[in-house]
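Student: Below is the file structure_35.tsv, with TSV, C-alpha atoms.
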chain	number	residue	atom	x	y	z
A	20	MET	CA	17.38	21.93	11.42
A	21	ARG	CA	18.39	23.79	8.27
A	22	ASP	CA	15.10	23.76	6.45
A	23	THR	CA	11.74	24.74	7.87
A	24	LEU	CA	8.12	24.56	6.83
A	25	GLU	CA	8.38	28.16	5.71
A	26	ALA	CA	11.12	27.37	3.21
A	27	ALA	CA	10.43	28.67	-0.25
A	28	GLN	CA	9.00	26.29	-2.78
A	29	PRO	CA	10.14	26.16	-6.42
A	30	SER	CA	9.45	29.46	-8.12
A	31	ALA	CA	7.81	28.09	-11.24
A	32	GLU	CA	5.40	25.23	-11.69
A	33	LYS	CA	4.68	23.52	-14.95
A	34	ASP	CA	1.30	24.20	-16.44
A	35	ARG	CA	0.89	20.56	-17.32
A	36	VAL	CA	2.51	17.18	-16.90
A	37	SER	CA	3.11	14.55	-19.58
A	38	PRO	CA	0.26	11.99	-19.55
A	39	TRP	CA	2.70	9.37	-20.89
A	40	LEU	CA	5.07	9.92	-17.97
A	41	ILE	CA	2.24	9.70	-15.43
A	42	LEU	CA	1.10	6.46	-17.08
A	43	LEU	CA	4.64	5.11	-16.84
A	44	LEU	CA	4.86	6.07	-13.16
A	45	ALA	CA	1.50	4.41	-12.45
A	46	PHE	CA	2.58	1.24	-14.27
A	47	SER	CA	5.92	1.18	-12.46
A	48	CYS	CA	4.31	1.65	-9.06
A	49	GLY	CA	1.77	-1.06	-9.83
A	50	LEU	CA	4.44	-3.57	-10.84
A	51	MET	CA	6.48	-2.84	-7.73
A	52	ALA	CA	3.45	-2.92	-5.42
A	53	ALA	CA	2.52	-6.33	-6.78
A	54	ASN	CA	5.82	-7.73	-5.50
A	55	VAL	CA	4.73	-7.14	-1.92
A	56	TYR	CA	1.47	-9.08	-2.33
A	57	TYR	CA	2.29	-12.10	-4.51
A	58	ALA	CA	2.74	-14.28	-1.43
A	59	GLN	CA	-0.57	-13.33	0.19
A	60	PRO	CA	-2.89	-15.89	-1.49
A	61	LEU	CA	-0.06	-18.45	-1.54
A	62	ALA	CA	0.73	-18.23	2.18
A	63	GLY	CA	-0.81	-21.61	2.92
A	64	LEU	CA	1.04	-23.33	0.05
A	65	ILE	CA	4.38	-21.69	0.84
A	66	GLY	CA	4.04	-22.40	4.55
A	67	ALA	CA	3.27	-26.06	3.96
A	68	ALA	CA	6.13	-26.45	1.46
A	69	LEU	CA	8.70	-24.76	3.70
A	70	GLY	CA	7.59	-26.21	7.03
A	71	VAL	CA	6.05	-23.07	8.55
A	72	ALA	CA	3.56	-23.76	11.39
A	73	LYS	CA	-0.08	-22.96	10.58
A	74	GLY	CA	-0.34	-20.36	13.33
A	75	ALA	CA	2.72	-18.58	11.91
A	76	THR	CA	1.53	-18.54	8.28
A	77	GLY	CA	0.80	-14.82	8.55
A	78	LEU	CA	4.56	-14.22	8.93
A	79	ILE	CA	5.01	-15.04	5.24
A	80	VAL	CA	3.14	-11.82	4.46
A	81	THR	CA	4.19	-9.93	7.58
A	82	MET	CA	7.94	-10.15	6.85
A	83	THR	CA	7.46	-8.45	3.49
A	84	GLN	CA	5.53	-5.68	5.20
A	85	ILE	CA	8.15	-5.35	7.94
A	86	GLY	CA	10.78	-4.87	5.25
A	87	THR	CA	8.57	-2.30	3.57
A	88	GLY	CA	7.99	-0.46	6.85
A	89	ALA	CA	11.72	-0.32	7.53
A	90	GLY	CA	12.31	0.98	4.01
A	91	MET	CA	9.63	3.63	4.44
A	92	LEU	CA	11.23	4.86	7.64
A	93	PHE	CA	14.93	4.74	6.72
A	94	VAL	CA	15.13	4.70	2.89
A	95	VAL	CA	12.22	6.72	1.46
A	96	PRO	CA	13.33	9.96	3.21
A	97	LEU	CA	16.48	9.77	1.08
A	98	GLY	CA	14.28	11.01	-1.76
A	99	ASP	CA	14.73	14.46	-0.19
A	100	LEU	CA	18.50	13.99	-0.23
A	101	PHE	CA	19.49	11.99	-3.34
A	102	GLU	CA	18.59	12.19	-7.02
A	103	SER	CA	15.32	10.31	-7.50
A	104	ARG	CA	16.12	8.17	-10.55
A	105	ARG	CA	19.34	6.81	-9.06
A	106	LEU	CA	17.58	5.96	-5.79
A	107	VAL	CA	14.74	4.15	-7.58
A	108	LEU	CA	17.11	2.04	-9.70
A	109	THR	CA	19.13	1.07	-6.62
A	110	LEU	CA	15.98	-0.06	-4.83
A	111	LEU	CA	14.90	-2.12	-7.83
A	112	CYS	CA	18.19	-4.01	-7.62
A	113	VAL	CA	17.31	-4.90	-4.02
A	114	VAL	CA	13.85	-6.08	-5.12
A	115	THR	CA	15.36	-8.32	-7.78
A	116	LEU	CA	17.68	-9.97	-5.25
A	117	GLY	CA	14.75	-10.56	-2.91
A	118	LEU	CA	12.57	-12.07	-5.64
A	119	LEU	CA	15.31	-14.46	-6.74
A	120	GLY	CA	15.91	-15.37	-3.10
A	121	ALA	CA	12.22	-16.16	-2.62
A	122	ALA	CA	12.12	-18.26	-5.79
A	123	LEU	CA	15.15	-20.28	-4.69
A	124	SER	CA	14.06	-20.76	-1.06
A	125	GLN	CA	14.05	-24.27	0.35
A	126	HIS	CA	13.43	-23.42	4.01
A	127	GLY	CA	11.11	-21.05	5.85
A	128	ALA	CA	13.90	-18.83	7.21
A	129	GLN	CA	15.33	-18.31	3.72
A	130	PHE	CA	11.97	-17.22	2.36
A	131	LEU	CA	11.35	-14.82	5.25
A	132	ILE	CA	14.71	-13.10	4.69
A	133	ALA	CA	14.00	-12.81	0.96
A	134	ALA	CA	10.52	-11.47	1.71
A	135	CYS	CA	12.04	-8.77	3.88
A	136	LEU	CA	14.33	-7.72	1.00
A	137	ILE	CA	11.38	-7.62	-1.40
A	138	GLY	CA	9.55	-5.29	0.95
A	139	LEU	CA	12.62	-3.12	1.52
A	140	GLY	CA	13.28	-2.59	-2.19
A	141	SER	CA	9.64	-2.09	-3.10
A	142	VAL	CA	9.59	1.25	-1.31
A	143	ALA	CA	10.77	2.61	-4.64
A	144	ILE	CA	7.04	3.14	-5.14
A	145	HIS	CA	7.09	5.78	-2.43
A	146	VAL	CA	9.98	7.59	-4.01
A	147	LEU	CA	8.01	7.78	-7.27
A	148	VAL	CA	4.70	8.99	-5.77
A	149	PRO	CA	6.24	12.20	-4.34
A	150	TYR	CA	8.16	12.46	-7.62
A	151	ALA	CA	4.82	12.55	-9.44
A	152	ALA	CA	3.59	15.23	-7.03
A	153	HIS	CA	6.66	17.32	-7.87
A	154	LEU	CA	5.82	17.08	-11.57
A	155	ALA	CA	2.20	18.18	-11.15
A	156	PRO	CA	0.94	21.76	-10.76
A	157	GLU	CA	-1.02	22.44	-7.57
A	158	ARG	CA	-4.41	22.73	-9.28
A	159	ILE	CA	-4.31	19.09	-10.52
A	160	ARG	CA	-1.95	17.55	-7.97
A	161	GLY	CA	-4.69	15.51	-6.32
A	162	ARG	CA	-5.73	14.00	-9.65
A	163	VAL	CA	-2.15	13.21	-10.68
A	164	VAL	CA	-1.32	11.62	-7.32
A	165	GLY	CA	-4.64	9.76	-7.52
A	166	ASN	CA	-3.78	8.43	-10.98
A	167	VAL	CA	-0.38	7.16	-9.83
A	168	THR	CA	-1.91	5.75	-6.65
A	169	SER	CA	-4.48	3.95	-8.81
A	170	GLY	CA	-1.52	2.14	-10.38
A	171	VAL	CA	-0.41	1.08	-6.90
A	172	VAL	CA	-3.91	-0.17	-6.09
A	173	LEU	CA	-4.14	-2.07	-9.38
A	174	GLY	CA	-0.80	-3.68	-8.67
A	175	ILE	CA	-1.92	-4.75	-5.20
A	176	MET	CA	-5.25	-6.06	-6.44
A	177	LEU	CA	-3.91	-7.86	-9.52
A	178	ALA	CA	-0.97	-9.40	-7.63
A	179	ARG	CA	-3.19	-11.89	-5.81
A	180	PRO	CA	-5.04	-13.30	-8.83
A	181	ALA	CA	-1.83	-13.21	-10.89
A	182	SER	CA	0.12	-15.27	-8.36
A	183	SER	CA	-2.78	-17.71	-7.97
A	184	PHE	CA	-3.23	-18.18	-11.74
A	185	VAL	CA	0.50	-18.56	-12.40
A	186	THR	CA	0.79	-21.06	-9.55
A	187	GLN	CA	-2.14	-23.10	-10.85
A	188	ILE	CA	-0.81	-23.15	-14.41
A	189	SER	CA	2.80	-23.92	-13.48
A	190	SER	CA	2.01	-26.15	-10.46
A	191	SER	CA	4.74	-24.32	-8.51
A	192	TRP	CA	4.58	-21.24	-6.28
A	193	HIS	CA	8.24	-20.47	-7.17
A	194	THR	CA	7.31	-19.45	-10.73
A	195	ILE	CA	5.66	-16.13	-9.88
A	196	PHE	CA	8.83	-14.93	-8.15
A	197	TYR	CA	11.07	-15.89	-11.10
A	198	LEU	CA	8.67	-14.13	-13.47
A	199	SER	CA	8.50	-10.99	-11.35
A	200	ALA	CA	12.29	-10.82	-11.10
A	201	ALA	CA	12.51	-10.78	-14.90
A	202	LEU	CA	9.85	-8.07	-15.16
A	203	THR	CA	11.62	-5.96	-12.53
A	204	VAL	CA	14.89	-6.09	-14.49
A	205	ALA	CA	13.03	-4.98	-17.64
A	206	LEU	CA	11.44	-2.12	-15.68
A	207	MET	CA	14.86	-0.99	-14.46
A	208	VAL	CA	16.08	-0.63	-18.02
A	209	LEU	CA	12.97	1.33	-19.07
A	210	LEU	CA	13.11	3.74	-16.12
A	211	ALA	CA	16.85	4.32	-16.59
A	212	PHE	CA	16.10	5.85	-19.99
A	213	ALA	CA	12.66	7.39	-19.41
A	214	LEU	CA	12.79	9.17	-16.05
A	215	PRO	CA	14.01	12.78	-16.05
A	216	LYS	CA	16.37	13.68	-13.25
A	217	ARG	CA	15.06	15.49	-10.18
A	218	GLU	CA	17.58	16.93	-7.76
A	219	PRO	CA	16.31	17.31	-4.18
A	220	LEU	CA	15.92	20.67	-2.42
A	221	SER	CA	17.13	19.65	1.03
A	222	LYS	CA	20.77	20.06	2.11
A	223	LEU	CA	20.43	18.08	5.34
A	224	ARG	CA	22.71	15.26	6.37
A	225	TYR	CA	21.11	11.81	6.75
A	226	VAL	CA	20.94	11.94	10.56
A	227	GLU	CA	19.39	15.40	10.40
A	228	LEU	CA	16.95	14.13	7.78
A	229	LEU	CA	15.72	11.37	10.10
A	230	ALA	CA	15.53	13.80	13.03
A	231	SER	CA	13.43	16.17	10.92
A	232	MET	CA	10.87	13.39	10.40
A	233	ARG	CA	10.25	13.32	14.14
A	234	HIS	CA	9.91	17.11	14.07
A	235	LEU	CA	7.38	16.92	11.23
A	236	LEU	CA	5.39	14.24	13.03
A	237	LEU	CA	5.27	16.25	16.27
A	238	THR	CA	4.51	19.64	14.73
A	239	GLN	CA	2.18	18.78	11.83
A	240	PRO	CA	-1.26	17.51	12.92
A	241	VAL	CA	-2.20	16.54	9.37
A	242	VAL	CA	0.74	14.11	9.21
A	243	ARG	CA	-0.18	12.52	12.55
A	244	ARG	CA	-3.85	12.18	11.79
A	245	ARG	CA	-3.46	10.93	8.25
A	246	SER	CA	-0.84	8.41	9.36
A	247	ILE	CA	-3.08	6.96	12.06
A	248	TYR	CA	-6.05	6.81	9.69
A	249	THR	CA	-4.08	4.94	7.04
A	250	GLY	CA	-2.46	2.59	9.58
A	251	CYS	CA	-5.83	1.48	10.91
A	252	LEU	CA	-7.39	0.95	7.48
A	253	ALA	CA	-4.28	-0.81	6.17
A	254	ALA	CA	-4.50	-3.27	9.09
A	255	ALA	CA	-8.12	-4.03	8.18
A	256	PHE	CA	-7.19	-4.42	4.50
A	257	SER	CA	-4.29	-6.80	5.17
A	258	LEU	CA	-6.25	-8.89	7.67
A	259	PHE	CA	-9.10	-9.39	5.19
A	260	TRP	CA	-6.90	-10.35	2.23
A	261	THR	CA	-4.58	-12.57	4.28
A	262	THR	CA	-7.40	-14.65	5.74
A	263	THR	CA	-9.96	-14.85	2.93
A	264	PRO	CA	-7.71	-17.15	0.83
A	265	LEU	CA	-7.46	-19.45	3.88
A	266	LEU	CA	-11.25	-19.37	4.25
A	267	LEU	CA	-11.92	-19.98	0.56
A	268	ALA	CA	-9.39	-22.82	0.33
A	269	GLY	CA	-10.86	-24.50	3.43
A	270	PRO	CA	-13.53	-27.21	3.55
A	271	ALA	CA	-16.44	-24.73	3.64
A	272	PHE	CA	-15.72	-23.43	0.12
A	273	GLY	CA	-13.03	-25.79	-1.22
A	274	MET	CA	-11.78	-23.36	-3.87
A	275	SER	CA	-8.75	-23.99	-6.07
A	276	GLN	CA	-6.04	-21.36	-6.59
A	277	GLY	CA	-7.86	-20.37	-9.78
A	278	GLY	CA	-11.09	-19.76	-7.88
A	279	ILE	CA	-9.27	-17.74	-5.24
A	280	ALA	CA	-7.67	-15.71	-8.03
A	281	LEU	CA	-11.07	-14.87	-9.50
A	282	PHE	CA	-12.27	-13.78	-6.06
A	283	ALA	CA	-9.23	-11.52	-5.65
A	284	LEU	CA	-10.09	-9.71	-8.90
A	285	VAL	CA	-13.00	-7.99	-7.14
A	286	GLY	CA	-10.52	-5.62	-5.55
A	287	VAL	CA	-9.51	-4.10	-8.89
A	288	SER	CA	-12.46	-1.72	-8.60
A	289	GLY	CA	-10.59	0.00	-5.77
A	290	ALA	CA	-8.25	1.60	-8.32
A	291	ILE	CA	-11.12	3.81	-9.49
A	292	ALA	CA	-11.54	5.14	-5.96
A	293	ALA	CA	-8.03	6.63	-5.84
A	294	THR	CA	-8.59	8.76	-8.94
A	295	VAL	CA	-12.11	9.84	-7.93
A	296	SER	CA	-11.11	10.75	-4.38
A	297	GLY	CA	-8.08	12.69	-5.65
A	298	SER	CA	-10.34	14.78	-7.89
A	299	LEU	CA	-12.73	15.40	-5.00
A	300	ALA	CA	-9.80	16.55	-2.87
A	301	ASP	CA	-8.82	19.06	-5.58
A	302	ARG	CA	-12.34	20.49	-5.18
A	303	GLY	CA	-11.95	20.88	-1.42
A	304	TRP	CA	-13.87	17.79	-0.25
A	305	THR	CA	-11.07	15.93	1.50
A	306	ARG	CA	-12.73	15.69	4.91
A	307	PRO	CA	-16.18	14.38	3.98
A	308	THR	CA	-14.63	11.97	1.48
A	309	THR	CA	-12.34	10.69	4.24
A	310	ALA	CA	-15.38	10.01	6.43
A	311	VAL	CA	-17.03	8.07	3.60
A	312	ALA	CA	-13.83	6.01	3.09
A	313	MET	CA	-13.68	5.02	6.76
A	314	LEU	CA	-17.38	4.19	6.89
A	315	ALA	CA	-16.95	2.01	3.80
A	316	VAL	CA	-14.26	-0.10	5.51
A	317	PHE	CA	-16.39	-0.37	8.66
A	318	ALA	CA	-19.42	-1.41	6.60
A	319	ALA	CA	-17.35	-4.01	4.75
A	320	PHE	CA	-16.48	-5.77	7.99
A	321	LEU	CA	-20.04	-5.51	9.26
A	322	LEU	CA	-21.04	-7.33	6.11
A	323	ALA	CA	-18.24	-9.86	6.56
A	324	ARG	CA	-19.48	-10.56	10.09
A	325	VAL	CA	-22.73	-12.04	8.79
A	326	VAL	CA	-20.94	-14.47	6.46
A	327	GLN	CA	-21.52	-18.09	7.41
A	328	PRO	CA	-18.82	-20.16	5.65
A	329	GLY	CA	-20.43	-22.51	3.16
A	330	ALA	CA	-23.93	-21.05	3.51
A	331	PRO	CA	-25.92	-19.79	0.47
A	332	LEU	CA	-24.96	-16.24	-0.59
A	333	SER	CA	-21.85	-16.32	1.62
A	334	LEU	CA	-19.52	-15.96	-1.34
A	335	THR	CA	-21.59	-13.08	-2.72
A	336	LEU	CA	-21.41	-11.28	0.62
A	337	LEU	CA	-17.64	-11.73	0.71
A	338	VAL	CA	-17.32	-10.32	-2.83
A	339	VAL	CA	-19.35	-7.23	-1.91
A	340	ALA	CA	-17.36	-6.79	1.30
A	341	GLY	CA	-14.09	-7.00	-0.64
A	342	ILE	CA	-15.19	-4.36	-3.16
A	343	VAL	CA	-16.39	-1.93	-0.48
A	344	LEU	CA	-13.27	-2.50	1.63
A	345	ASP	CA	-10.86	-1.85	-1.23
A	346	PHE	CA	-12.80	1.23	-2.32
A	347	GLY	CA	-12.51	2.72	1.16
A	348	VAL	CA	-8.83	1.90	1.67
A	349	ALA	CA	-7.75	3.17	-1.77
A	350	SER	CA	-9.70	6.41	-1.29
A	351	ASN	CA	-8.12	7.02	2.10
A	352	VAL	CA	-4.56	6.50	0.81
A	353	SER	CA	-5.04	8.95	-2.05
A	354	LEU	CA	-6.72	11.56	0.17
A	355	GLY	CA	-4.00	11.30	2.77
A	356	GLN	CA	-1.18	11.75	0.28
A	357	ARG	CA	-2.90	14.75	-1.27
A	358	ALA	CA	-3.18	16.33	2.20
A	359	ILE	CA	0.39	15.72	3.38
A	360	PHE	CA	2.00	16.70	0.07
A	361	ALA	CA	0.46	20.15	0.46
A	362	LEU	CA	2.99	20.86	3.25
A	363	GLY	CA	5.71	21.63	0.71
A	364	ALA	CA	7.87	20.13	-2.03
A	365	GLN	CA	10.98	19.94	0.14
A	366	PHE	CA	9.27	17.62	2.66
A	367	ARG	CA	7.36	15.24	0.42
A	368	SER	CA	9.60	12.20	0.64
A	369	ARG	CA	9.85	12.52	4.41
A	370	VAL	CA	6.15	13.00	5.12
A	371	ASN	CA	5.35	10.23	2.66
A	372	GLY	CA	7.87	8.07	4.50
A	373	ILE	CA	6.08	8.69	7.80
A	374	TYR	CA	2.67	8.18	6.22
A	375	MET	CA	3.47	4.94	4.43
A	376	THR	CA	5.49	3.56	7.32
A	377	THR	CA	2.28	3.53	9.33
A	378	PHE	CA	0.45	1.99	6.37
A	379	PHE	CA	2.81	-0.97	6.24
A	380	ALA	CA	3.11	-1.20	10.01
A	381	GLY	CA	-0.66	-1.49	10.07
A	382	SER	CA	-0.51	-4.04	7.26
A	383	ALA	CA	2.02	-6.13	9.17
A	384	ILE	CA	-0.12	-6.05	12.31
A	385	GLY	CA	-3.24	-6.94	10.31
A	386	SER	CA	-1.68	-9.91	8.53
A	387	ALA	CA	-0.13	-11.25	11.73
A	388	LEU	CA	-3.39	-10.90	13.68
A	389	GLY	CA	-5.28	-12.36	10.73
A	390	GLY	CA	-3.24	-15.57	10.68
A	391	TRP	CA	-3.43	-15.89	14.48
A	392	SER	CA	-7.14	-15.10	14.83
A	393	TYR	CA	-8.13	-17.44	12.00
A	394	ALA	CA	-6.13	-20.28	13.59
A	395	GLN	CA	-7.68	-19.57	17.01
A	396	GLY	CA	-11.31	-18.76	16.25
A	397	GLY	CA	-11.96	-19.06	12.52
A	398	TRP	CA	-13.77	-16.46	10.45
A	399	ARG	CA	-16.00	-15.22	13.27
A	400	LEU	CA	-13.05	-14.09	15.39
A	401	THR	CA	-11.12	-12.79	12.39
A	402	SER	CA	-13.96	-10.59	11.14
A	403	LEU	CA	-14.48	-9.22	14.67
A	404	VAL	CA	-10.81	-8.26	14.93
A	405	GLY	CA	-11.01	-6.64	11.50
A	406	LEU	CA	-14.03	-4.58	12.53
A	407	ALA	CA	-12.04	-2.97	15.35
A	408	PHE	CA	-9.56	-1.21	13.05
A	409	PRO	CA	-11.93	1.09	11.09
A	410	LEU	CA	-13.82	1.72	14.35
A	411	VAL	CA	-10.64	3.10	15.95
A	412	ALA	CA	-10.03	5.30	12.89
A	413	LEU	CA	-13.59	6.66	13.01
A	414	ILE	CA	-13.33	7.44	16.73
A	415	TYR	CA	-10.07	9.30	16.20
A	416	PHE	CA	-11.55	11.12	13.20
A	417	ALA	CA	-14.45	12.27	15.39
A	418	THR	CA	-12.05	13.89	17.89
A	419	ASP	CA	-11.01	16.47	15.30
A	420	ARG	CA	-13.89	18.93	15.42
A	421	GLU	CA	-12.36	20.92	12.56
A	422	HIS	CA	-13.66	18.18	10.26
A	423	PHE	CA	-17.20	19.27	11.09
A	424	VAL	CA	-16.87	23.05	11.13
A	425	LYS	CA	-14.53	23.88	8.26
A	426	ARG	CA	-14.36	22.74	4.66
A	427	GLU	CA	-11.22	23.08	2.62
A	428	SER	CA	-11.10	25.66	-0.15
A	429	PRO	CA	-10.69	24.16	-3.60
A	430	VAL	CA	-7.47	24.83	-5.43
A	431	PRO	CA	-8.03	27.65	-7.95
Write out the structure in this file as structure tokens.
Tutor:
Amino acid sequence: MRDTLEAAQPSAEKDRVSPWLILLLAFSCGLMAANVYYAQPLAGLIGAALGVAKGATGLIVTMTQIGTGAGMLFVVPLGDLFESRRLVLTLLCVVTLGLLGAALSQHGAQFLIAACLIGLGSVAIHVLVPYAAHLAPERIRGRVVGNVTSGVVLGIMLARPASSFVTQISSSWHTIFYLSAALTVALMVLLAFALPKREPLSKLRYVELLASMRHLLLTQPVVRRRSIYTGCLAAAFSLFWTTTPLLLAGPAFGMSQGGIALFALVGVSGAIAATVSGSLADRGWTRPTTAVAMLAVFAAFLLARVVQPGAPLSLTLLVVAGIVLDFGVASNVSLGQRAIFALGAQFRSRVNGIYMTTFFAGSAIGSALGGWSYAQGGWRLTSLVGLAFPLVALIYFATDREHFVKRESPVP
């Protein structure tokens, strides 16, 4: 391996970073993140239209996440090897092809292949997040990464109500994919002119680059721990948001796509969490804030467990559970990225690739288990399965005694 963790970092850091550029990166990441989640509230409609069995409805979401996971593992590390702007634009071309494929699908298999392409190309987000970390000086890196991550969270949260509203207005689930393809093309043009070039530091060949990811995973405890934390919470997140549209559209609530869209808007509050947690990390409070994030997700599913579909206050309890859940998941993602990016500039794409691969692997598991558990045992079984994921994260968190005896020093 030609580069090591002791490799020198860039000699000079900027004293500040352009707020306009950070805003553009946040917007871009949000728009790309939305592509992964447009199908989530429409899974029932798409499945019925394309002949997908009810028990396999979760695959409509899972295939997008599988594509994303593959991209995280095999494509995102290229950010340490190839010029960032060129890599992002190439990935946006893949996204556009996937979106058009989804819009034109007439059979389940066609849609699932297109969904995989959407997920694969959308990993451009995770080329841009380390790119933002490169732009930011150390003393405000957590806040900058948190601001860009808040764009990702907003994209995820707004994708569900946007797809539901567009579907209700147009009376066709195909429309949202046509619309997103057009927006993605417009974004490509904007980024081609606006993004400054950033040449990577690593001189590794591709095979060596992938091998170094295994080395980083085995030798860096922070990467392992943060990856497992985010995988568990992502599974809980995906399970909740895959199954709640099925619950709300069912006979107990009987909501339209518009009503489901309004419910999905509760998650927008999670975007605030990414910025706040990033600022807390800059002050040296990563560990206690991580504990609060995990406890929030656990509490959300405890609350969801007491929901009786159709009973008074059930919808209110679900709304509160969704807010608390999204707050915890968004905080954890931002905290984890702040922690792993501290390893060094030359490793950021690779460690982010490892980290977000587990996020989307967890998401894929959560959505698949959500569809299966809801078909087998309804909301009671689904909420019980969801409760297990943050519990596993908390147990693993408790095995690291350093969390309880040492607090990080704030960045001067």
Student: Compare A:Trp398, A:Trp304, A:Tyr57, A:Trp39 by their minimum atom-to-atom distance to Leu266 in chain A, counting only C-alpha atoms, and give me the closest one.
Tutor: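 Of the candidates, the smallest distance to Leu266 in chain A is held by A:Trp398.
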Student: When you count only C-alpha atoms, which of these residues is closest to Gly303 in chain A: A:Leu354, A:Ala72, A:Ala52, A:Leu344?
Tutor: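 Under the stated criterion, the closest residue is A:Leu354.
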Student: Excluding range 326-329 of chain A and any residue of its chain fewer than 2 positions from it, enumerate the residues within 6 Å of it, using all atoms listed in the file, and give them as a list in words.
Tutor: Ala271, Phe272, Ala323, Arg324 and Ser333 of chain A
Student: Residues at most 8 Å from range 256-260 of chain A, counting only C-alpha atoms, excluding those fewer than 3 positions away in the same chain, as an NGL selection string?
Tutor: :A and (59-60 or 252-253 or 263-264 or 344-345 or 348 or 382-383 or 385-390 or 401-402 or 405)
Student: I need the chosen residues saved as a JSON list (two decimals), keeping the file's coordinate frame, with C-alpha atoms.
Tutor:
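Dumped to out39.json:
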[["chain", "number", "residue", "atom", "x", "y", "z"],
["A", 59, "GLN", "CA", -0.57, -13.33, 0.19],
["A", 60, "PRO", "CA", -2.89, -15.89, -1.49],
["A", 252, "LEU", "CA", -7.39, 0.95, 7.48],
["A", 253, "ALA", "CA", -4.28, -0.81, 6.17],
["A", 263, "THR", "CA", -9.96, -14.85, 2.93],
["A", 264, "PRO", "CA", -7.71, -17.15, 0.83],
["A", 344, "LEU", "CA", -13.27, -2.50, 1.63],
["A", 345, "ASP", "CA", -10.86, -1.85, -1.23],
["A", 348, "VAL", "CA", -8.83, 1.90, 1.67],
["A", 382, "SER", "CA", -0.51, -4.04, 7.26],
["A", 383, "ALA", "CA", 2.02, -6.13, 9.17],
["A", 385, "GLY", "CA", -3.24, -6.94, 10.31],
["A", 386, "SER", "CA", -1.68, -9.91, 8.53],
["A", 387, "ALA", "CA", -0.13, -11.25, 11.73],
["A", 388, "LEU", "CA", -3.39, -10.90, 13.68],
["A", 389, "GLY", "CA", -5.28, -12.36, 10.73],
["A", 390, "GLY", "CA", -3.24, -15.57, 10.68],
["A", 401, "THR", "CA", -11.12, -12.79, 12.39],
["A", 402, "SER", "CA", -13.96, -10.59, 11.14],
["A", 405, "GLY", "CA", -11.01, -6.64, 11.50]]
Student: Counting only C-alpha atoms, which of A:Ala45, A:Ala151, A:Leu198, A:Val295 gets nearest to Val185 in chain A?
Tutor: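 For Val185 in chain A, the nearest of the given residues is A:Leu198.
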Student: CA of Gly90 in chain A and CA of Leu69 in chain A, how far apart in Å?
Tutor: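 Atom-to-atom, CA of Leu69 in chain A and CA of Gly90 in chain A are spaced 26.0 Å apart.
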Student: What does the structure give for the distance between CA of Ile279 in chain A and CA of Gly250 in chain A, in Å to one decimal?
Tutor: 26.1 Å
Student: Can you put N, CA and C atoms back into range 231-242 of chain A and show it as a PDB file, in the frame of the given file?
Tutor:
ATOM      1  N   SER A 231      14.473  15.255  11.400  1.00  0.00           N
ATOM      2  CA  SER A 231      13.430  16.170  10.920  1.00  0.00           C
ATOM      3  C   SER A 231      12.095  15.464  10.755  1.00  0.00           C
ATOM      4  N   MET A 232      12.127  14.142  10.505  1.00  0.00           N
ATOM      5  CA  MET A 232      10.870  13.390  10.400  1.00  0.00           C
ATOM      6  C   MET A 232      10.135  13.408  11.730  1.00  0.00           C
ATOM      7  N   ARG A 233      10.867  13.245  12.814  1.00  0.00           N
ATOM      8  CA  ARG A 233      10.250  13.320  14.140  1.00  0.00           C
ATOM      9  C   ARG A 233       9.655  14.710  14.358  1.00  0.00           C
ATOM     10  N   HIS A 234      10.403  15.738  13.942  1.00  0.00           N
ATOM     11  CA  HIS A 234       9.910  17.110  14.070  1.00  0.00           C
ATOM     12  C   HIS A 234       8.609  17.299  13.272  1.00  0.00           C
ATOM     13  N   LEU A 235       8.588  16.803  12.049  1.00  0.00           N
ATOM     14  CA  LEU A 235       7.380  16.920  11.230  1.00  0.00           C
ATOM     15  C   LEU A 235       6.208  16.190  11.863  1.00  0.00           C
ATOM     16  N   LEU A 236       6.452  15.015  12.405  1.00  0.00           N
ATOM     17  CA  LEU A 236       5.390  14.240  13.030  1.00  0.00           C
ATOM     18  C   LEU A 236       4.826  14.962  14.252  1.00  0.00           C
ATOM     19  N   LEU A 237       5.700  15.590  15.039  1.00  0.00           N
ATOM     20  CA  LEU A 237       5.270  16.250  16.270  1.00  0.00           C
ATOM     21  C   LEU A 237       4.596  17.593  16.013  1.00  0.00           C
ATOM     22  N   THR A 238       4.991  18.265  14.940  1.00  0.00           N
ATOM     23  CA  THR A 238       4.510  19.640  14.730  1.00  0.00           C
ATOM     24  C   THR A 238       3.399  19.749  13.682  1.00  0.00           C
ATOM     25  N   GLN A 239       3.170  18.697  12.899  1.00  0.00           N
ATOM     26  CA  GLN A 239       2.180  18.780  11.830  1.00  0.00           C
ATOM     27  C   GLN A 239       1.009  17.837  12.110  1.00  0.00           C
ATOM     28  N   PRO A 240      -0.103  18.365  12.600  1.00  0.00           N
ATOM     29  CA  PRO A 240      -1.260  17.510  12.920  1.00  0.00           C
ATOM     30  C   PRO A 240      -1.759  16.698  11.732  1.00  0.00           C
ATOM     31  N   VAL A 241      -1.685  17.266  10.529  1.00  0.00           N
ATOM     32  CA  VAL A 241      -2.200  16.540   9.370  1.00  0.00           C
ATOM     33  C   VAL A 241      -1.400  15.273   9.126  1.00  0.00           C
ATOM     34  N   VAL A 242      -0.093  15.306   9.396  1.00  0.00           N
ATOM     35  CA  VAL A 242       0.740  14.110   9.210  1.00  0.00           C
ATOM     36  C   VAL A 242       0.361  13.055  10.241  1.00  0.00           C
TER      37      VAL A 242
END
